[in-house]
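Reading through the structure tokens given below for one structure.
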Amino acid sequence: MSEVKFSKEHEWITLEGDVATIGITKHATEMLGDIVFAELPEKGSNVEKDGTAGVVESTKAASDVYTPVSGEVVDTNQAIVDDPSKINEDPEGSAWFFKLKMKDQSEMDGLMNKEEYDKFAKESAS
Amino acid sequence: MEIKKTSLNKLHQSNNAKFVEFAGYEMPIQYSKGIIEEHKFTRSHSGIFDVSHMGQLFIYGDENLTEELEKIFPLDLKNLKQNSSKYSFLMNEDAGIYDDLIITKIEEGYLVILNAACKDKDYQILSNLLGTKFKMNLDNNRSLIAVQGPKSVEILNSIINGVDQLNFMSGNWFDSYNQKLFVTRSGYTGEDGFEISISNENAEKFVQNLIEKGAQLIGLGARDTLRLEAGLCLYGHELDINKTPVEANLKWAISKNRLSNGDFIGSKNIMKQIQEGASQIRVGIKPEGRLIAREKTKIFDDTEKQIGEITSGTFGPSVNGPIAMGYVDKEFSKVDTKIFLEVRGKKHQANVCPLPFYKKNYVKGVN
């Protein structure tokens, strides 16, 4: 599996072959608070880089989830729809959102590594 | 304008509060445990809420004041017992609501608790109506602390002895912290609880004492989910100048023997709406599944006709599901009516349901 990469919209992404797994970062869940609702893209649909690919809602507000790369949705994580509190518990592990079959792996190039993202998150939070 | 801070601001900070601006004040939306934990703690133990941003208006006077206030509020104040509290409204001539409030008859006159965002305007309106005959004091030297939840009576009574003798919706002066505190048994969560009016310089010490006894600070986020589960209105959402108490389904708060005379501000429209029925009415709404319908969500019937709008919507931690309130056309206001909520361009089914979502635990008839 590839190194974890991060987007400015606070998604994380890993790549295995041509299938990317995408979720939201721990920092994002800390900003959102208790997550009580999750909506995921439909399996078989195509999503475009930087486009919306889901929604999460906390007790206070709704936020869009974006996809950092383009592709066809090949799997979604029903467990987080059934119990959205799992997203707060393990955002960068078992609470992944969806898997994409990527068209163009060069889309990964512009994303941040962990160190860059931590710095970005710290700066954007202050 | 510079943001205002309550006397508990430093204490909020040291308890890792996340702050928001609310009605010109820097207020804690939540602490480190988060809204759901805070909500559940209040329902099972005792939550402390800093509501010092709210207005504490003391109006001093005798029977003459009671008479003047009856021209303003739809309450039977003449027969209200000393130390009893009532929920009421400040209205315009059309019965549009300027503010909703709690008024308590005290020995010296009345204490009126006003919403933070409305208090200065309310003061102006009441000054204009009452003239200069009565001394009025919108007291900025006092903080207001709410303690809510089943363990509150035990905790508070160990600090202010005697509060356990208060009935729900009544209050009294108590001696503690070398001063007179005004304590009412009331609240905004659907739980048994108290609101304590205490001088600013003693507020932090008092809250620290509550924390030592096992109560915890709770932010405005959980205050909102708690009040929504209890089916209680929030000014600026369920209530505003374009809504009347009849439309808001709050006519229970209007004293019956005041209605027959119709001699208070707004009475004409209220009587008309009671006789003819209001065209829209506030209802409880339960979306199906986990969908959350926020304020301004449009409500439709099973055709394409819009029949109303959501005024508050969130996830109810104690009912473990989404809950909402809103206004619908009269003919759709019956419990179990199927309605549709438009969220992110799609229509989702929901049902009109009885309020509250969460059953109240108020204490009745202690003495």
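Just so we're on the same page: first chain in the structure tokens is A, next is B, and so on; residues restart at 1 for each chain, and ligands are numbered from 1 in the order they show up.
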Near chain B, which residues of chain A fall within 8 Å when you count only C-alpha atoms, and what do they look like as number ranges by chain? A: 33-34, 36-37, 57, 59-60
Write the residues you've just listed into a file as an mmCIF file, in the first residue's frame, and include N, CA, C and O atoms for each of them.
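Saved file again.cif follows:
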```cif
data_model
loop_
_atom_site.group_PDB
_atom_site.id
_atom_site.type_symbol
_atom_site.label_atom_id
_atom_site.label_comp_id
_atom_site.auth_asym_id
_atom_site.auth_seq_id
_atom_site.Cartn_x
_atom_site.Cartn_y
_atom_site.Cartn_z
ATOM 1 N N GLY A 33 -16.633 17.866 15.371
ATOM 2 C CA GLY A 33 -17.317 17.418 16.590
ATOM 3 C C GLY A 33 -17.998 16.081 16.336
ATOM 4 O O GLY A 33 -17.649 15.348 15.405
ATOM 5 N N ASP A 34 -19.010 15.768 17.159
ATOM 6 C CA ASP A 34 -19.667 14.455 17.066
ATOM 7 C C ASP A 34 -20.381 14.298 15.730
ATOM 8 O O ASP A 34 -21.311 15.048 15.433
ATOM 9 N N VAL A 36 -22.977 12.597 13.301
ATOM 10 C CA VAL A 36 -24.233 11.874 13.535
ATOM 11 C C VAL A 36 -24.906 11.427 12.235
ATOM 12 O O VAL A 36 -25.946 10.770 12.258
ATOM 13 N N PHE A 37 -24.297 11.776 11.107
ATOM 14 C CA PHE A 37 -24.887 11.391 9.820
ATOM 15 C C PHE A 37 -23.792 11.348 8.764
ATOM 16 O O PHE A 37 -22.926 12.212 8.725
ATOM 17 N N GLU A 57 -22.539 15.081 8.795
ATOM 18 C CA GLU A 57 -23.187 16.089 9.627
ATOM 19 C C GLU A 57 -22.825 15.838 11.077
ATOM 20 O O GLU A 57 -22.841 14.704 11.557
ATOM 21 N N THR A 59 -23.640 17.331 15.185
ATOM 22 C CA THR A 59 -24.832 17.864 15.849
ATOM 23 C C THR A 59 -25.100 19.305 15.420
ATOM 24 O O THR A 59 -26.231 19.745 15.424
ATOM 25 N N LYS A 60 -24.041 20.032 15.029
ATOM 26 C CA LYS A 60 -24.230 21.452 14.715
ATOM 27 C C LYS A 60 -24.438 21.775 13.238
ATOM 28 O O LYS A 60 -25.177 22.674 12.903
#
```
DSSP on the backbone: what in chain A comes out strand (DSSP E), as JSON, numbers by chain? {"A": [5, 6, 11, 12, 13, 14, 15, 16, 19, 20, 21, 22, 23, 24, 35, 36, 37, 38, 39, 46, 47, 52, 53, 54, 55, 56, 57, 58, 62, 63, 64, 65, 66, 71, 72, 73, 74, 75, 76, 98, 99, 100, 101, 102]}
Same residues, N, CA and C atoms, output as a CSV table (one decimal), in the first residue's frame:
```
chain,number,residue,atom,x,y,z
A,5,LYS,N,-1.6,10.0,1.7
A,5,LYS,CA,-1.5,11.4,1.3
A,5,LYS,C,-2.8,12.1,1.8
A,6,PHE,N,-2.7,13.5,1.7
A,6,PHE,CA,-3.7,14.3,2.3
A,6,PHE,C,-4.1,15.4,1.4
A,11,GLU,N,-9.1,15.4,3.5
A,11,GLU,CA,-9.3,13.9,3.2
A,11,GLU,C,-8.0,13.3,3.2
A,12,TRP,N,-8.0,12.0,3.6
A,12,TRP,CA,-6.8,11.2,3.4
A,12,TRP,C,-7.0,10.2,2.3
A,13,ILE,N,-5.9,9.7,1.7
A,13,ILE,CA,-6.1,8.7,0.6
A,13,ILE,C,-4.9,7.8,0.6
A,14,THR,N,-5.2,6.5,0.4
A,14,THR,CA,-4.1,5.5,0.1
A,14,THR,C,-4.4,4.8,-1.2
A,15,LEU,N,-3.3,4.3,-1.8
A,15,LEU,CA,-3.5,3.6,-3.1
A,15,LEU,C,-2.9,2.2,-3.0
A,16,GLU,N,-3.7,1.3,-3.5
A,16,GLU,CA,-3.3,-0.1,-3.6
A,16,GLU,C,-3.6,-0.6,-5.0
A,19,VAL,N,-6.6,1.1,-7.0
A,19,VAL,CA,-7.8,1.4,-6.1
A,19,VAL,C,-7.4,2.3,-4.9
A,20,ALA,N,-8.0,3.4,-4.9
A,20,ALA,CA,-7.7,4.4,-3.8
A,20,ALA,C,-8.8,4.3,-2.7
A,21,THR,N,-8.3,4.3,-1.4
A,21,THR,CA,-9.3,4.4,-0.3
A,21,THR,C,-9.2,5.8,0.3
A,22,ILE,N,-10.4,6.3,0.5
A,22,ILE,CA,-10.5,7.7,0.9
A,22,ILE,C,-11.3,7.9,2.2
A,23,GLY,N,-10.9,8.7,3.1
A,23,GLY,CA,-11.6,9.0,4.3
A,23,GLY,C,-11.4,10.4,4.7
A,24,ILE,N,-11.9,10.9,5.9
A,24,ILE,CA,-11.6,12.2,6.4
A,24,ILE,C,-10.6,12.1,7.5
A,35,ILE,N,-20.0,13.3,15.0
A,35,ILE,CA,-20.6,13.1,13.7
A,35,ILE,C,-21.8,12.2,13.8
A,36,VAL,N,-23.0,12.6,13.3
A,36,VAL,CA,-24.2,11.9,13.5
A,36,VAL,C,-24.9,11.4,12.2
A,37,PHE,N,-24.3,11.8,11.1
A,37,PHE,CA,-24.9,11.4,9.8
A,37,PHE,C,-23.8,11.3,8.8
A,38,ALA,N,-23.8,10.3,7.9
A,38,ALA,CA,-22.9,10.2,6.8
A,38,ALA,C,-23.6,9.8,5.6
A,39,GLU,N,-23.3,10.4,4.4
A,39,GLU,CA,-23.9,10.0,3.1
A,39,GLU,C,-22.7,9.8,2.2
A,46,ASN,N,-19.4,7.8,-11.0
A,46,ASN,CA,-18.0,8.4,-11.2
A,46,ASN,C,-18.0,9.7,-10.5
A,47,VAL,N,-16.8,9.9,-9.8
A,47,VAL,CA,-16.6,11.2,-9.1
A,47,VAL,C,-15.4,11.9,-9.7
A,52,THR,N,-17.7,17.0,-4.9
A,52,THR,CA,-18.3,16.5,-3.7
A,52,THR,C,-18.6,15.0,-3.9
A,53,ALA,N,-18.4,14.2,-2.8
A,53,ALA,CA,-18.6,12.8,-2.9
A,53,ALA,C,-19.2,12.3,-1.6
A,54,GLY,N,-19.9,13.1,-1.0
A,54,GLY,CA,-20.6,12.7,0.3
A,54,GLY,C,-20.8,13.9,1.2
A,55,VAL,N,-21.4,13.5,2.3
A,55,VAL,CA,-21.8,14.6,3.3
A,55,VAL,C,-21.6,14.0,4.7
A,56,VAL,N,-21.1,14.8,5.6
A,56,VAL,CA,-21.1,14.4,7.0
A,56,VAL,C,-21.8,15.5,7.8
A,57,GLU,N,-22.5,15.1,8.8
A,57,GLU,CA,-23.2,16.1,9.6
A,57,GLU,C,-22.8,15.8,11.1
A,58,SER,N,-22.5,16.9,11.8
A,58,SER,CA,-22.3,16.8,13.2
A,58,SER,C,-23.6,17.3,13.9
A,62,ALA,N,-23.8,20.6,8.7
A,62,ALA,CA,-23.5,19.7,7.6
A,62,ALA,C,-22.3,20.1,6.8
A,63,SER,N,-21.4,19.2,6.4
A,63,SER,CA,-20.2,19.5,5.6
A,63,SER,C,-20.1,18.6,4.5
A,64,ASP,N,-19.7,19.1,3.3
A,64,ASP,CA,-19.5,18.2,2.2
A,64,ASP,C,-18.2,17.4,2.3
A,65,VAL,N,-18.2,16.3,1.8
A,65,VAL,CA,-16.9,15.5,1.7
A,65,VAL,C,-16.5,15.5,0.2
A,66,TYR,N,-15.2,15.9,0.0
A,66,TYR,CA,-14.7,16.0,-1.4
A,66,TYR,C,-13.8,14.8,-1.7
A,71,GLY,N,-12.4,9.1,-10.2
A,71,GLY,CA,-12.5,7.6,-10.4
A,71,GLY,C,-13.9,7.1,-10.3
A,72,GLU,N,-14.0,5.8,-10.4
A,72,GLU,CA,-15.3,5.1,-10.3
A,72,GLU,C,-15.4,4.5,-8.9
A,73,VAL,N,-16.5,4.7,-8.2
A,73,VAL,CA,-16.7,4.3,-6.9
A,73,VAL,C,-16.9,2.7,-6.9
A,74,VAL,N,-16.0,2.0,-6.3
A,74,VAL,CA,-16.1,0.5,-6.4
A,74,VAL,C,-16.5,-0.1,-5.0
A,75,ASP,N,-16.5,0.7,-4.0
A,75,ASP,CA,-16.9,0.2,-2.7
A,75,ASP,C,-17.2,1.4,-1.8
A,76,THR,N,-18.2,1.2,-0.8
A,76,THR,CA,-18.5,2.3,0.2
A,76,THR,C,-18.6,1.6,1.5
A,98,PHE,N,-15.0,5.7,1.1
A,98,PHE,CA,-15.2,5.0,-0.2
A,98,PHE,C,-13.9,4.6,-0.9
A,99,LYS,N,-14.0,3.6,-1.8
A,99,LYS,CA,-12.9,3.2,-2.6
A,99,LYS,C,-13.2,3.6,-4.1
A,100,LEU,N,-12.1,4.1,-4.7
A,100,LEU,CA,-12.3,4.5,-6.1
A,100,LEU,C,-11.3,3.7,-7.0
A,101,LYS,N,-11.7,3.4,-8.2
A,101,LYS,CA,-10.8,2.9,-9.2
A,101,LYS,C,-10.3,4.1,-10.0
A,102,MET,N,-9.0,4.4,-9.8
A,102,MET,CA,-8.5,5.6,-10.3
A,102,MET,C,-8.3,5.5,-11.8
```
Point-to-point distance from atom CA of B:Lys286 to atom CA of B:Ala350, Å rounded to tenths: 5.5 Å
Where in chain A does DSSP assign helix (DSSP H, G or I), given as a count of residues only? 33
Which one is closest to A:Pro68: A:Lys49, A:Ala125, A:Ala28, A:Trp96? Count only C-alpha atoms. A:Lys49
Near B:Pro245, within 8 Å and counting only C-alpha atoms, which residues show up once chain neighbours fewer than 3 positions away are dropped, as a list in words? Phe89, Ala95, Gly96, Ile97, Ala248, Asn249, Leu250, Lys251 and Ile270 of chain B
Identify, on the basis of only C-alpha atoms, every residue whose closest approach to stretch 168-184 of chain B does not exceed 10 Å; exclude the query and any residue fewer than 6 positions from it along the same chain; express the result as JSON, numbers by chain. {"B": [81, 82, 83, 84, 85, 86, 87, 102, 103, 104, 105, 106, 107, 111, 142, 144, 145, 146, 159, 160, 161, 162, 192, 193, 194, 195, 196, 197, 198, 199, 202, 203, 205, 206, 362, 363, 364, 365, 366]}
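The space between atom CA of B:Pro28 and atom CA of B:Tyr327 spans 29.3 Å.
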Might you pull out every residue within 8 Å of B:Gly61, with only C-alpha atoms counted and same-chain residues fewer than 3 positions away left off, and present them as a compact mmCIF listing (two decimals) with all heavy atoms, in the first residue's frame?
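Result file result.txt:
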```txt
# COMPACT_ATOMS: atom_id res chain seq x y z
N ASN B 64 -49.79 48.70 41.57
CA ASN B 64 -49.84 49.57 40.40
C ASN B 64 -49.00 49.00 39.25
O ASN B 64 -49.40 49.01 38.08
CB ASN B 64 -49.30 50.94 40.84
CG ASN B 64 -49.72 52.04 39.90
OD1 ASN B 64 -50.26 51.77 38.83
ND2 ASN B 64 -49.47 53.27 40.30
N LEU B 65 -47.83 48.45 39.60
CA LEU B 65 -46.96 47.83 38.59
C LEU B 65 -47.64 46.59 38.01
O LEU B 65 -47.62 46.36 36.80
CB LEU B 65 -45.60 47.47 39.22
CG LEU B 65 -44.66 46.63 38.34
CD1 LEU B 65 -44.28 47.36 37.06
CD2 LEU B 65 -43.39 46.25 39.12
N THR B 66 -48.24 45.79 38.90
CA THR B 66 -48.94 44.59 38.44
C THR B 66 -50.00 44.96 37.40
O THR B 66 -50.11 44.32 36.35
CB THR B 66 -49.61 43.88 39.65
OG1 THR B 66 -48.57 43.49 40.55
CG2 THR B 66 -50.41 42.68 39.22
N GLU B 108 -40.20 42.58 45.89
CA GLU B 108 -40.00 43.98 45.53
C GLU B 108 -40.69 44.36 44.22
O GLU B 108 -40.73 45.53 43.85
CB GLU B 108 -38.50 44.25 45.38
CG GLU B 108 -37.65 43.86 46.59
CD GLU B 108 -37.25 42.37 46.62
OE1 GLU B 108 -37.72 41.59 45.76
OE2 GLU B 108 -36.51 41.98 47.53
N GLY B 109 -41.19 43.38 43.48
CA GLY B 109 -41.77 43.66 42.18
C GLY B 109 -41.72 42.42 41.30
O GLY B 109 -42.31 41.40 41.64
N TYR B 110 -40.98 42.50 40.19
CA TYR B 110 -40.88 41.37 39.28
C TYR B 110 -39.44 41.20 38.79
O TYR B 110 -38.71 42.19 38.62
CB TYR B 110 -41.79 41.56 38.07
CG TYR B 110 -43.26 41.48 38.44
CD1 TYR B 110 -43.96 42.62 38.86
CD2 TYR B 110 -43.93 40.26 38.41
CE1 TYR B 110 -45.29 42.54 39.22
CE2 TYR B 110 -45.28 40.17 38.77
CZ TYR B 110 -45.95 41.31 39.18
OH TYR B 110 -47.27 41.23 39.55
N PHE B 134 -41.74 53.39 37.46
CA PHE B 134 -41.17 52.24 38.17
C PHE B 134 -39.67 52.17 37.89
O PHE B 134 -39.24 52.38 36.76
CB PHE B 134 -41.85 50.95 37.72
CG PHE B 134 -43.34 51.03 37.76
CD1 PHE B 134 -44.07 51.25 36.59
CD2 PHE B 134 -44.03 50.92 38.96
CE1 PHE B 134 -45.45 51.35 36.63
CE2 PHE B 134 -45.41 51.03 39.01
CZ PHE B 134 -46.13 51.24 37.83
N LYS B 135 -38.93 51.82 38.93
CA LYS B 135 -37.49 51.67 38.75
C LYS B 135 -37.22 50.36 38.01
O LYS B 135 -37.77 49.31 38.39
CB LYS B 135 -36.80 51.67 40.13
CG LYS B 135 -35.30 51.89 40.03
CD LYS B 135 -34.67 51.86 41.41
CE LYS B 135 -33.28 51.26 41.29
NZ LYS B 135 -32.83 50.59 42.49
```
So how many Å separate atom CA of B:Ser255 and atom CA of B:Ser267, to one decimal? 11.3 Å
List the spatial neighbours of stretch 150-158 of chain B as a PyMOL selection string - criterion: any atom at most 8 Å away, only C-alpha atoms, same-chain residues fewer than 4 positions off excluded. chain B and resi 42-47+162-164+191-194+210+213-215
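Every protein or nucleic acid residue with an atom no more than 9 Å from A:Gln105, counting only C-alpha atoms and leaving out same-chain residues fewer than 4 positions away, appears here: Asp18, Val69 and Asp109 of chain A.
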Residues from the last selection, N, CA and C atoms, saved as a compact mmCIF listing (two decimals), in the first residue's frame:
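Contents of part19.txt, as written:
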```
# COMPACT_ATOMS: atom_id res chain seq x y z
N ASP A 18 -4.62 0.09 -8.49
CA ASP A 18 -5.26 1.32 -8.99
C ASP A 18 -6.49 1.69 -8.16
N VAL A 69 -9.25 12.75 -5.72
CA VAL A 69 -8.90 12.22 -7.06
C VAL A 69 -10.18 11.77 -7.78
N ASP A 109 -0.14 13.36 -7.30
CA ASP A 109 1.12 14.11 -7.18
C ASP A 109 0.97 15.41 -6.38
```
Given only C-alpha atoms as the counted atoms, nearest of A:Ser124, A:Thr25, A:Thr67, A:Asn113 to A:Asn88: A:Thr25
